[in-house]
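K.L.:
Contents of entry_23.txt (compact mmCIF, C-alpha atoms) are below:
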```txt
# COMPACT_ATOMS: atom_id res chain seq x y z
CA MET B 1 -6.06 224.49 -129.01
CA ILE B 2 -7.11 227.74 -127.26
CA ILE B 3 -3.91 227.78 -125.20
CA LYS B 4 -1.84 227.34 -128.36
CA MET B 5 -3.56 230.30 -130.03
CA LEU B 6 -3.03 232.50 -127.00
CA SER B 7 0.65 231.59 -126.92
CA SER B 8 1.17 233.07 -130.42
CA CYS B 9 0.66 236.57 -129.14
CA SER B 10 3.52 237.68 -126.96
CA CYS B 11 1.49 240.25 -125.02
CA ILE B 12 -1.39 237.94 -124.36
CA ARG B 13 1.11 235.20 -123.59
CA ALA B 14 2.75 237.38 -120.92
CA ILE B 15 -0.64 238.08 -119.34
CA TYR B 16 -1.47 234.34 -119.43
CA ILE B 17 1.84 233.50 -117.73
CA PHE B 18 1.27 236.18 -115.07
CA LEU B 19 -2.21 234.90 -114.25
CA PHE B 20 -1.00 231.30 -114.12
CA VAL B 21 1.83 232.25 -111.73
CA ALA B 22 -0.57 234.25 -109.55
CA VAL B 23 -2.85 231.23 -109.20
CA ALA B 24 -0.28 228.46 -108.97
CA LEU B 25 2.46 229.95 -106.81
CA PRO B 26 0.30 230.69 -103.68
CA LEU B 27 0.42 226.94 -103.13
CA SER B 28 3.50 227.43 -100.97
CA PRO B 29 5.85 224.57 -100.07
CA ALA B 30 4.52 224.58 -96.51
CA SER B 31 0.90 224.13 -97.55
CA THR B 32 1.87 221.53 -100.12
CA VAL B 33 3.81 219.57 -97.48
CA ASP B 34 0.85 219.65 -95.14
CA ALA B 35 -1.48 218.35 -97.80
CA LEU B 36 0.72 215.91 -99.65
CA GLY B 37 3.37 214.73 -97.23
CA PRO B 38 7.19 214.43 -97.13
CA SER B 39 7.53 213.05 -100.65
CA ALA B 40 6.03 216.24 -102.05
CA THR B 41 8.58 218.33 -100.11
CA HIS B 42 11.51 216.53 -101.69
CA ASN B 43 10.09 216.79 -105.19
CA HIS B 44 9.22 220.45 -104.80
CA ILE B 45 12.67 221.45 -103.53
CA LYS B 46 14.33 219.48 -106.28
CA SER B 47 12.18 221.16 -108.90
CA SER B 48 12.74 224.64 -107.48
CA SER B 49 16.51 224.25 -107.36
CA SER B 50 16.48 223.02 -110.94
CA CYS B 51 14.64 226.15 -112.06
CA HIS B 52 17.14 228.41 -110.30
CA ARG B 53 20.18 226.65 -111.79
CA HIS B 54 18.87 226.87 -115.36
CA GLN B 55 17.92 230.55 -115.81
CA PRO B 56 17.46 230.31 -119.59
CA LEU B 57 14.38 228.17 -119.00
CA SER B 58 11.22 230.14 -119.54
CA ALA B 59 8.83 230.88 -116.68
CA SER B 60 6.12 228.77 -118.26
CA ARG B 61 8.35 225.70 -118.45
CA CYS B 62 9.44 226.12 -114.83
CA ILE B 63 5.85 226.48 -113.69
CA SER B 64 4.87 223.51 -115.80
CA SER B 65 7.62 221.46 -114.15
CA ASN B 66 6.49 222.45 -110.62
CA THR B 67 2.88 221.78 -111.46
CA SER B 68 3.74 218.33 -112.75
CA MET B 69 5.64 217.56 -109.54
CA TRP B 70 2.69 218.71 -107.44
CA LEU B 71 0.27 216.63 -109.45
CA SER B 72 2.52 213.56 -109.11
CA ALA B 73 2.82 214.09 -105.36
CA ALA B 74 -0.94 214.53 -105.08
CA ALA B 75 -1.48 211.26 -106.92
CA ALA B 76 0.97 209.51 -104.60
CA ALA B 77 -0.72 210.97 -101.53
CA SER B 78 -4.10 209.89 -102.88
CA PHE B 79 -2.75 206.36 -103.34
CA ASP B 80 -1.37 206.35 -99.76
CA SER B 81 -4.72 207.61 -98.45
CA SER B 82 -6.52 204.91 -100.37
CA SER B 83 -4.20 202.28 -98.91
CA ASN B 84 -4.80 203.58 -95.40
CA ASN B 85 -8.55 203.53 -95.97
CA ASN B 86 -8.31 199.95 -97.15
CA GLU B 87 -6.39 199.03 -94.01
CA LEU B 88 -8.98 200.78 -91.82
CA ASP B 89 -11.79 198.99 -93.65
CA ALA B 90 -10.07 195.66 -93.09
CA SER B 91 -9.56 196.46 -89.39
CA SER B 92 -13.21 197.52 -89.07
CA GLU B 93 -14.36 194.31 -90.74
CA ALA B 94 -12.21 192.26 -88.37
CA THR B 95 -13.66 194.10 -85.34
CA THR B 96 -17.20 193.62 -86.62
CA SER B 97 -16.50 189.95 -87.23
CA SER B 98 -15.12 189.59 -83.68
CA LEU B 99 -18.19 191.28 -82.18
CA THR B 100 -20.46 189.09 -84.26
CA THR B 101 -18.66 185.98 -83.01
CA LYS B 102 -19.01 187.11 -79.38
CA GLN B 103 -22.71 187.84 -79.88
CA GLN B 104 -23.22 184.42 -81.41
CA LYS B 105 -21.43 182.76 -78.49
CA ARG B 106 -23.47 184.73 -75.96
CA LEU B 107 -26.72 183.85 -77.77
CA GLN B 108 -25.72 180.18 -77.74
CA GLN B 109 -24.96 180.41 -74.02
CA ILE B 110 -28.31 182.10 -73.37
CA ARG B 111 -30.19 179.39 -75.26
CA ASN B 112 -28.28 176.66 -73.45
CA GLU B 113 -29.45 178.20 -70.17
CA GLY B 114 -32.92 179.48 -71.03
CA GLY B 115 -34.03 177.09 -73.77
CA PRO B 116 -34.62 177.51 -77.53
CA LEU B 117 -37.07 180.40 -77.01
CA ALA B 118 -34.50 182.53 -75.17
CA PHE B 119 -33.30 185.70 -76.88
CA ASN B 120 -31.04 188.63 -76.10
CA THR B 121 -31.86 192.36 -75.83
CA LYS B 122 -29.77 195.42 -75.02
CA PHE B 123 -31.20 195.32 -71.49
CA GLY B 124 -30.47 191.63 -70.92
CA ALA B 125 -31.60 188.16 -71.97
CA LEU B 126 -35.18 186.92 -71.74
CA ASN B 127 -37.07 183.65 -72.06
CA PRO B 128 -40.74 182.79 -71.30
CA PHE B 129 -40.15 182.37 -67.56
CA ALA B 130 -38.13 185.60 -67.38
CA ILE B 131 -40.95 187.47 -69.14
CA TYR B 132 -43.47 186.01 -66.70
CA TYR B 133 -41.26 186.93 -63.73
CA GLY B 134 -40.87 190.46 -65.09
CA LEU B 135 -44.61 190.96 -65.57
CA VAL B 136 -45.35 189.74 -62.04
CA SER B 137 -42.55 191.88 -60.62
CA ILE B 138 -43.70 195.03 -62.41
CA GLY B 139 -47.39 194.39 -61.71
CA LEU B 140 -46.75 193.98 -57.98
CA GLY B 141 -44.25 196.82 -58.18
CA LEU B 142 -46.89 199.30 -59.35
CA ILE B 143 -49.03 198.50 -56.30
CA TRP B 144 -45.89 198.73 -54.14
CA PHE B 145 -45.06 202.12 -55.66
CA MET B 146 -48.53 203.54 -54.94
CA ALA B 147 -48.40 202.30 -51.34
CA LEU B 148 -44.96 203.86 -50.89
CA SER B 149 -46.21 207.16 -52.33
CA ALA B 150 -49.11 207.17 -49.87
CA CYS B 151 -46.68 206.41 -47.08
CA GLN B 152 -44.42 209.26 -48.19
CA LEU B 153 -47.37 211.66 -48.19
CA MET B 154 -48.31 210.57 -44.67
CA TYR B 155 -44.79 211.34 -43.39
CA LYS B 156 -44.92 214.74 -45.02
CA LEU B 157 -48.34 215.65 -43.56
CA THR B 158 -47.41 214.48 -40.06
CA GLY B 159 -43.96 216.08 -40.08
CA ASN B 160 -42.30 212.67 -39.59
CA ARG B 161 -43.90 212.33 -36.16
CA VAL B 162 -45.45 208.97 -37.13
CA ASP B 163 -43.35 205.84 -37.62
CA ARG B 164 -40.02 207.53 -36.94
CA LYS B 165 -38.09 204.32 -37.62
CA ARG B 166 -39.77 203.94 -41.03
CA ARG B 167 -41.10 200.46 -40.31
CA ILE B 168 -44.10 200.70 -42.66
CA PRO B 169 -42.18 201.06 -45.96
CA VAL B 170 -39.93 198.14 -44.97
CA PHE B 171 -43.05 196.06 -44.31
CA LEU B 172 -44.46 197.02 -47.73
CA SER B 173 -41.20 196.05 -49.40
CA HIS B 174 -41.20 192.73 -47.60
CA VAL B 175 -44.78 192.08 -48.77
CA TRP B 176 -43.76 192.77 -52.38
CA GLY B 177 -40.76 190.41 -52.16
CA THR B 178 -42.73 187.63 -50.49
CA LEU B 179 -45.59 187.78 -53.02
CA LEU B 180 -43.11 187.87 -55.92
CA MET B 181 -41.26 184.78 -54.69
CA THR B 182 -44.61 183.03 -54.02
CA PHE B 183 -46.05 183.62 -57.50
CA THR B 184 -42.80 182.69 -59.26
CA GLY B 185 -41.65 179.80 -57.07
CA CYS B 186 -38.40 181.51 -56.15
CA PHE B 187 -38.13 180.89 -52.42
CA PRO B 188 -34.57 179.81 -51.57
CA LYS B 189 -33.79 177.03 -49.14
CA VAL B 190 -32.67 178.53 -45.81
CA GLU B 191 -30.23 176.62 -43.61
CA ASN B 192 -29.72 177.47 -39.93
CA GLY B 193 -32.72 179.81 -39.95
CA ASP B 194 -33.10 179.23 -36.20
CA ILE B 195 -30.00 181.35 -35.64
CA VAL B 196 -31.85 184.43 -36.90
CA LYS B 197 -35.05 183.58 -35.01
CA ASN B 198 -33.21 183.12 -31.73
CA PHE B 199 -31.24 186.30 -32.27
CA HIS B 200 -34.43 188.34 -32.85
CA LYS B 201 -35.87 186.90 -29.63
CA SER B 202 -32.88 188.23 -27.72
CA GLY B 203 -33.92 191.78 -28.59
CA ARG B 204 -30.49 192.70 -29.94
CA LYS B 205 -29.77 194.28 -33.31
CA ALA B 206 -27.08 193.26 -35.76
CA MET B 207 -25.42 193.94 -39.07
CA PHE B 208 -26.35 191.22 -41.61
CA VAL B 209 -23.75 190.81 -44.37
CA SER B 210 -23.72 188.54 -47.39
CA ASN B 211 -21.92 187.84 -50.64
CA HIS B 212 -23.41 189.41 -53.78
CA ASN B 213 -23.42 188.18 -57.39
CA SER B 214 -27.04 188.52 -58.52
CA TRP B 215 -30.08 190.79 -58.17
CA MET B 216 -31.82 187.82 -56.52
CA ASP B 217 -29.58 188.34 -53.47
CA ILE B 218 -31.74 191.30 -52.37
CA PRO B 219 -35.04 189.41 -51.82
CA PHE B 220 -33.11 186.38 -50.58
CA LEU B 221 -31.39 188.42 -47.86
CA GLY B 222 -34.67 190.05 -46.84
CA TYR B 223 -36.33 186.64 -46.67
CA ALA B 224 -33.56 185.34 -44.40
CA ILE B 225 -33.86 188.32 -42.01
CA GLY B 226 -37.63 187.94 -41.73
CA TRP B 227 -40.45 190.34 -40.83
CA HIS B 228 -38.35 192.79 -38.89
CA ASN B 229 -37.27 196.37 -39.43
CA TYR B 230 -33.94 196.67 -41.23
CA LYS B 231 -32.13 199.16 -43.44
CA PHE B 232 -29.92 198.39 -46.39
CA VAL B 233 -26.51 200.01 -46.67
CA ALA B 234 -26.35 200.50 -50.44
CA LYS B 235 -24.69 202.60 -53.12
CA LYS B 236 -26.41 205.86 -53.99
CA GLU B 237 -26.79 204.85 -57.65
CA LEU B 238 -29.68 202.52 -56.66
CA GLU B 239 -31.86 205.59 -56.13
CA LYS B 240 -32.18 205.74 -59.93
CA VAL B 241 -33.69 202.24 -60.20
CA PRO B 242 -37.47 202.52 -60.81
CA ILE B 243 -39.67 201.62 -57.80
CA LEU B 244 -36.69 200.22 -55.86
CA GLY B 245 -35.24 203.72 -55.64
CA LYS B 246 -38.53 204.96 -54.21
CA ALA B 247 -38.51 202.24 -51.55
CA ILE B 248 -34.91 203.05 -50.62
CA LYS B 249 -35.64 206.76 -50.10
CA VAL B 250 -38.98 206.42 -48.29
CA ALA B 251 -37.60 203.83 -45.84
CA GLU B 252 -34.53 206.02 -45.24
CA ASN B 253 -32.02 203.31 -46.05
CA VAL B 254 -28.36 204.19 -45.69
CA LEU B 255 -26.94 205.36 -49.03
CA VAL B 256 -23.23 205.66 -49.79
CA ASP B 257 -21.92 208.16 -52.32
CA ARG B 258 -18.54 206.61 -53.09
CA SER B 259 -17.31 209.75 -54.88
CA ASP B 260 -17.88 212.06 -51.89
CA ARG B 261 -15.72 211.63 -48.79
CA LYS B 262 -18.00 213.87 -46.70
CA SER B 263 -21.02 211.77 -47.69
CA GLN B 264 -19.22 208.63 -46.58
CA LEU B 265 -18.68 210.08 -43.11
CA LEU B 266 -22.35 211.06 -42.86
CA THR B 267 -23.32 207.57 -43.99
CA LEU B 268 -21.18 206.05 -41.25
CA LYS B 269 -22.91 208.21 -38.62
CA GLN B 270 -26.35 207.37 -40.01
CA GLY B 271 -25.66 203.64 -39.91
CA ILE B 272 -24.36 203.76 -36.34
CA LYS B 273 -27.45 205.75 -35.30
CA TRP B 274 -29.81 203.14 -36.76
CA LEU B 275 -28.05 200.38 -34.81
CA ASP B 276 -28.15 202.47 -31.63
CA ASP B 277 -31.89 203.06 -32.19
CA GLY B 278 -32.54 199.33 -32.38
CA VAL B 279 -32.80 198.86 -36.15
CA ASN B 280 -30.93 196.09 -37.99
CA LEU B 281 -28.63 196.88 -40.91
CA CYS B 282 -27.83 194.67 -43.86
CA THR B 283 -25.37 195.07 -46.69
CA PHE B 284 -23.19 193.41 -49.31
CA PRO B 285 -19.64 194.32 -48.22
CA GLU B 286 -18.21 193.66 -51.70
CA GLY B 287 -19.85 196.92 -52.77
CA THR B 288 -21.19 195.57 -56.07
CA ARG B 289 -22.14 192.34 -57.82
CA SER B 290 -19.36 189.90 -58.59
CA ARG B 291 -19.35 189.29 -62.35
CA SER B 292 -17.16 186.20 -62.01
CA GLY B 293 -19.35 184.72 -59.28
CA ARG B 294 -16.39 184.48 -56.88
CA LEU B 295 -16.31 186.40 -53.62
CA MET B 296 -14.55 189.75 -54.07
CA PRO B 297 -12.64 191.91 -51.57
CA PHE B 298 -14.70 193.57 -48.82
CA LYS B 299 -15.13 197.28 -48.19
CA ASN B 300 -14.59 198.16 -44.54
CA GLY B 301 -17.55 200.54 -44.04
CA ALA B 302 -20.00 197.91 -42.82
CA PHE B 303 -17.59 196.55 -40.23
CA LYS B 304 -16.70 200.04 -39.07
CA MET B 305 -20.39 200.73 -38.36
CA ALA B 306 -20.88 197.50 -36.42
CA HIS B 307 -17.62 197.88 -34.51
CA LYS B 308 -18.30 201.45 -33.39
CA ALA B 309 -21.88 200.57 -32.39
CA GLY B 310 -20.72 197.43 -30.56
CA ALA B 311 -23.18 195.33 -32.59
CA PRO B 312 -22.56 191.75 -33.73
CA VAL B 313 -22.30 190.82 -37.41
CA ILE B 314 -24.29 187.88 -38.78
CA PRO B 315 -22.63 186.37 -41.89
CA ILE B 316 -24.87 184.89 -44.59
CA SER B 317 -23.78 182.81 -47.59
CA ILE B 318 -26.04 182.97 -50.66
CA CYS B 319 -25.41 180.05 -53.00
CA GLY B 320 -26.54 179.64 -56.61
CA ALA B 321 -28.29 183.00 -57.14
CA ALA B 322 -26.15 183.75 -60.21
CA ASP B 323 -27.06 180.35 -61.66
CA VAL B 324 -30.70 181.44 -61.71
CA MET B 325 -30.13 185.05 -62.75
CA PRO B 326 -26.68 185.80 -64.20
CA SER B 327 -25.63 189.41 -64.72
CA TYR B 328 -26.50 189.33 -68.44
CA TRP B 329 -30.14 188.28 -67.87
CA MET B 330 -32.85 190.90 -67.31
CA PHE B 331 -34.81 188.60 -64.99
CA PRO B 332 -34.22 185.06 -63.68
CA TYR B 333 -34.60 182.46 -66.41
CA ARG B 334 -35.77 179.64 -64.10
CA ARG B 335 -37.21 179.10 -60.65
CA ALA B 336 -34.97 179.47 -57.62
CA GLY B 337 -36.98 177.04 -55.51
CA GLY B 338 -36.48 173.32 -55.17
CA GLY B 339 -32.94 173.66 -53.85
CA ALA B 340 -31.62 175.63 -56.85
CA CYS B 341 -30.65 178.46 -54.48
CA LYS B 342 -29.62 178.22 -50.87
CA VAL B 343 -29.14 180.73 -48.04
CA ILE B 344 -26.87 179.64 -45.19
CA VAL B 345 -26.96 181.62 -41.93
CA HIS B 346 -23.85 181.53 -39.73
CA GLU B 347 -23.39 182.19 -36.04
CA PRO B 348 -23.12 185.89 -35.07
CA VAL B 349 -19.61 187.28 -34.83
CA GLU B 350 -19.27 189.64 -31.87
CA SER B 351 -17.52 192.92 -32.55
CA LYS B 352 -16.58 193.52 -28.94
CA GLY B 353 -13.06 192.41 -28.10
CA LYS B 354 -12.01 192.53 -31.76
CA THR B 355 -10.46 195.14 -33.98
CA GLU B 356 -12.28 196.11 -37.18
CA GLU B 357 -9.75 194.07 -39.13
CA GLU B 358 -10.26 190.96 -37.03
CA LEU B 359 -14.03 191.36 -37.28
CA ALA B 360 -13.89 191.61 -41.10
CA ALA B 361 -11.56 188.61 -41.37
CA ALA B 362 -13.76 186.43 -39.13
CA VAL B 363 -16.93 187.33 -41.04
CA ARG B 364 -15.27 186.67 -44.38
CA GLU B 365 -14.10 183.24 -43.24
CA SER B 366 -17.64 182.32 -42.21
CA ILE B 367 -19.14 183.41 -45.54
CA ILE B 368 -16.48 181.53 -47.52
CA ALA B 369 -17.12 178.37 -45.50
CA GLY B 370 -20.72 178.28 -46.72
CA LEU B 371 -20.04 178.94 -50.40
CA PRO B 372 -19.61 176.24 -53.04
CA GLU B 373 -16.16 175.88 -54.57
CA GLU B 374 -17.01 177.88 -57.70
CA GLN B 375 -18.03 180.91 -55.62
CA ARG B 376 -15.04 180.95 -53.31
CA PRO B 377 -12.14 183.33 -53.97
CA LEU B 378 -8.85 181.90 -55.15
CA PRO B 379 -6.33 181.24 -52.34
CA ASP B 380 -4.15 184.25 -53.14
CA GLU B 381 -7.27 186.48 -53.29
CA ILE B 382 -8.16 185.46 -49.72
CA VAL B 383 -4.83 186.62 -48.36
CA GLU B 384 -4.64 189.72 -50.53
CA THR B 385 -8.11 190.84 -49.50
CA VAL B 386 -7.30 190.87 -45.80
CA VAL B 387 -4.01 192.66 -46.36
CA ALA B 388 -5.31 195.24 -48.84
CA GLU B 389 -8.68 196.08 -47.30
CA SER B 390 -8.24 195.88 -43.56
CA LEU B 391 -4.84 197.32 -42.71
CA THR B 392 -4.44 201.07 -42.38
CA SER B 393 -1.19 202.15 -40.68
CA THR B 394 1.49 204.25 -42.37
CA THR B 395 4.15 201.56 -42.60
CA THR B 396 4.41 200.07 -46.09
CA LYS B 397 5.63 196.56 -46.67
CA VAL B 398 5.83 194.27 -49.69
CA GLU B 399 4.93 190.66 -49.05
CA LEU B 400 5.23 187.63 -51.27
CA VAL B 401 2.09 185.59 -50.71
CA ASN B 402 1.41 182.52 -52.84
CA GLU B 403 4.10 183.71 -55.27
CA LYS B 404 2.35 187.04 -55.78
CA VAL B 405 3.77 190.41 -54.66
CA ILE B 406 1.21 192.71 -53.07
CA GLU B 407 1.81 196.14 -51.62
CA SER B 408 -0.03 196.70 -48.37
CA THR B 409 -0.02 198.67 -45.15
CA LEU B 410 0.46 196.73 -41.95
CA THR B 411 -0.61 197.38 -38.40
CA PRO B 412 0.78 195.67 -35.31
CA ALA B 413 -2.74 194.39 -34.52
CA VAL B 414 -2.81 192.05 -37.52
CA THR B 415 -0.22 189.36 -38.04
CA GLU B 416 0.17 186.56 -40.54
CA ASP B 417 -1.34 183.98 -38.19
CA GLN B 418 -4.60 186.00 -38.21
CA LEU B 419 -5.02 185.72 -41.98
CA PRO B 420 -7.54 183.10 -43.16
CA LEU B 421 -6.07 179.91 -44.54
CA PRO B 422 -6.36 179.37 -48.30
CA SER B 423 -8.51 176.30 -47.72
CA ALA B 424 -11.07 178.30 -45.71
```
Show me this structure written as structure tokens.
P.N.:
Amino acid sequence: MIIKMLSSCSCIRAIYIFLFVAVALPLSPASTVDALGPSATHNHIKSSSSCHRHQPLSASRCISSNTSMWLSAAAAASFDSSSNNNELDASSEATTSSLTTKQQKRLQQIRNEGGPLAFNTKFGALNPFAIYYGLVSIGLGLIWFMALSACQLMYKLTGNRVDRKRRIPVFLSHVWGTLLMTFTGCFPKVENGDIVKNFHKSGRKAMFVSNHNSWMDIPFLGYAIGWHNYKFVAKKELEKVPILGKAIKVAENVLVDRSDRKSQLLTLKQGIKWLDDGVNLCTFPEGTRSRSGRLMPFKNGAFKMAHKAGAPVIPISICGAADVMPSYWMFPYRRAGGGACKVIVHEPVESKGKTEEELAAAVRESIIAGLPEEQRPLPDEIVETVVAESLTSTTTKVELVNEKVIESTLTPAVTEDQLPLPSA
């Protein structure tokens, strides 16, 4: 009604039209396109050309026409946006449903393994035995931590003139592991343990290597080596693990920073020096835990250390550790004793008279021979591992092995007859 009254006065009407144009026209075609999309562009151009062709039309009618087009385009864009939001909501609901299904399956798996009282947390699954194991581990760990701190203070006050080979912190760590396995019934069954005992009697030092698919592998490997001084070759990230990181630093274990090439060279020198000084080394040559449980490709650092120091390598197969403590459990959900887990020691593999590649292949064959079928690599993985990890010349060749093409570098020292057989 007010607009109709204002329109009756020509002067006021002109002012009204001017103000309306000043407000409406700054919405340029470009900004309208950005906000409303291609359909608005077409409608706007069509409307504008219509206004130019029909000059007798008044300014108010032309503006009214453009405004109507813009409003229509805005409504269309709003509808499109609503449709897109609906699609996104549907996609989000599907993703949430998928995650819920996976969580339900994992919870069912956890309860099948750990019993009806098992439950999942963001740090890993737990059941009554796992909680008990964790409390014992942490309780003993606090005593272990205080002893390590006292040991660290002693080294600082004496200027590292006492216990230069850092035997004391290794002894403390071994005490912690032995007590933990005693109170929780987690001692593994060791086969061929006499091989290690006889080797220690010889006075020689070696590199102990084993497969790795569970946290339980660490105390198991230490238990197999026995009450002797040894250093782990481990990734630097383990320094961040509470208590364990303290033990690693105080005992001066060999840490590898995989992102720093210079650090890797220093690590190699440190490992060789420990072997030359009469200290055993032990490591998991896969570099990390196997999530599938099957043996993964080896890194060559461990074999390079042993080869350059002229030290033998003692292969060890750890069986069933992941059955007791899978990667998604915070602590083991059942006891490892009673034959549930087994550690098999193999005869030492001499590094002298072999290339690094031959040494790695021989050790890998020994470890595979002691593993159960479900922990062994697939046949094509066995061949690919030797080709991909151990060969380092500049000649590139593409081989077809077990119907799988793999790119690798070949050296004259390694031939096809030196690769382990798939049945190994």
K.L.:
Find the distance between CA of His212 (chain B) and CA of Pro116 (chain B) and write it in Å to one decimal.
P.N.:
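We find that CA of His212 (chain B) and CA of Pro116 (chain B) lie 28.8 Å from each other.
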K.L.:
Counting all atoms listed in the file, what is within 7 Å of Phe331 (chain B), bar same-chain residues fewer than 6 positions away, as a ChimeraX atom specification?
P.N.:
/B:126,130,133-134,325
K.L.:
Could you check which of B:Arg164, B:Arg204, B:Arg376, B:Lys156 is closest to Gly293 (chain B), using only C-alpha atoms?
P.N.:
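Between B:Arg164, B:Arg204, B:Arg376, B:Lys156, the residue approaching Gly293 (chain B) most closely is B:Arg376.
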K.L.:
What is the CA of Val349 (chain B)-CA of Arg291 (chain B) distance in Å, reported with one decimal?
P.N.:
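Atom-to-atom, CA of Val349 (chain B) and CA of Arg291 (chain B) are spaced 27.6 Å apart.
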K.L.:
Box for region 290-297 of chain B: with edges along x, y and z, all listed atoms inside and 3 Å added on each side, what are the centre and edge lengths in Å to one decimal, as lines of an AutoDock Vina configuration file?
P.N.:
```
center_x = -16.0
center_y = 188.2
center_z = -57.0
size_x = 12.7
size_y = 13.4
size_z = 16.8
```
K.L.:
So that I can see what lies close to Gln264 (chain B), please list as a PyMOL selection string the residues with an atom at most 10 Å from it, counting only C-alpha atoms and leaving out residues fewer than 6 positions away in the same chain.
P.N.:
chain B and resi 255-258+270+301
K.L.:
Give me the residues within 10 Å of Gly222 (chain B) as a list in words, counting all atoms listed in the file and dropping any in the same chain fewer than 3 places off.
P.N.:
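What passes the distance filter is Val170, Ser173, His174, Gly177, Thr178, Phe208, Asp217, Ile218, Pro219, Ile225, Gly226, Trp227, His228, Tyr230, Phe232 and Cys282 of chain B.
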K.L.:
Which one of B:Pro285, B:Pro169, B:Pro242, B:Gly193 sits closest to Ser137 (chain B) if you count all atoms listed in the file?
P.N.:
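When distances to Ser137 (chain B) are compared using all atoms listed in the file, the smallest one comes from B:Pro242.
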K.L.:
From the options B:His200, B:Asn253, B:Glu239, B:Met181, which residue's atoms come nearest to Tyr223 (chain B), counting all atoms listed in the file?
P.N.:
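Ranking B:His200, B:Asn253, B:Glu239, B:Met181 by distance to Tyr223 (chain B), first place goes to B:Met181.
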K.L.:
Give me, please, the distance in Å between CA of Ile368 (chain B) and CA of Val313 (chain B), quoted to one decimal.
P.N.:
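Separation of CA of Ile368 (chain B) and CA of Val313 (chain B): 14.9 Å.
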K.L.:
My list of candidates is B:Ile243, B:Leu179, B:Val190, B:Met216. Which is closest to Gly141 (chain B) when distances are computed with all atoms listed in the file?
P.N.:
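Smallest separation from Gly141 (chain B) among the options: B:Ile243.
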K.L.:
Nearest residue to Lys342 (chain B) out of B:Val254, B:Leu265, B:Ile318, B:Val279, using all atoms listed in the file?
P.N.:
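Going through B:Val254, B:Leu265, B:Ile318, B:Val279 one by one, the smallest distance to Lys342 (chain B) is for B:Ile318.
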K.L.:
Could you list as a list in words every residue that has an atom within 9 Å of (-20.0, 177.5, -53.4), using the file's coordinates and counting only C-alpha atoms?
P.N.:
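Collected hits near the coordinates: Arg294, Ser317, Ile318, Cys319, Gly320, Ile368, Ala369, Gly370, Leu371, Pro372, Glu373, Glu374, Gln375 and Arg376 of chain B.
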K.L.:
With only C-alpha atoms as the counted atoms, please give the residues lying no more than 8 Å from Ala224 (chain B), apart from itself and same-chain residues fewer than 3 positions off, as a VMD selection string.
P.N.:
chain B and resid 190 193 196 220 to 221 343 345
K.L.:
My list of candidates is B:Lys249, B:Asn280, B:Gly124, B:Val233. Which is closest to Gly203 (chain B) when distances are computed with only C-alpha atoms?
P.N.:
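Of B:Lys249, B:Asn280, B:Gly124, B:Val233, the one nearest Gly203 (chain B) is B:Asn280, counting only C-alpha atoms.
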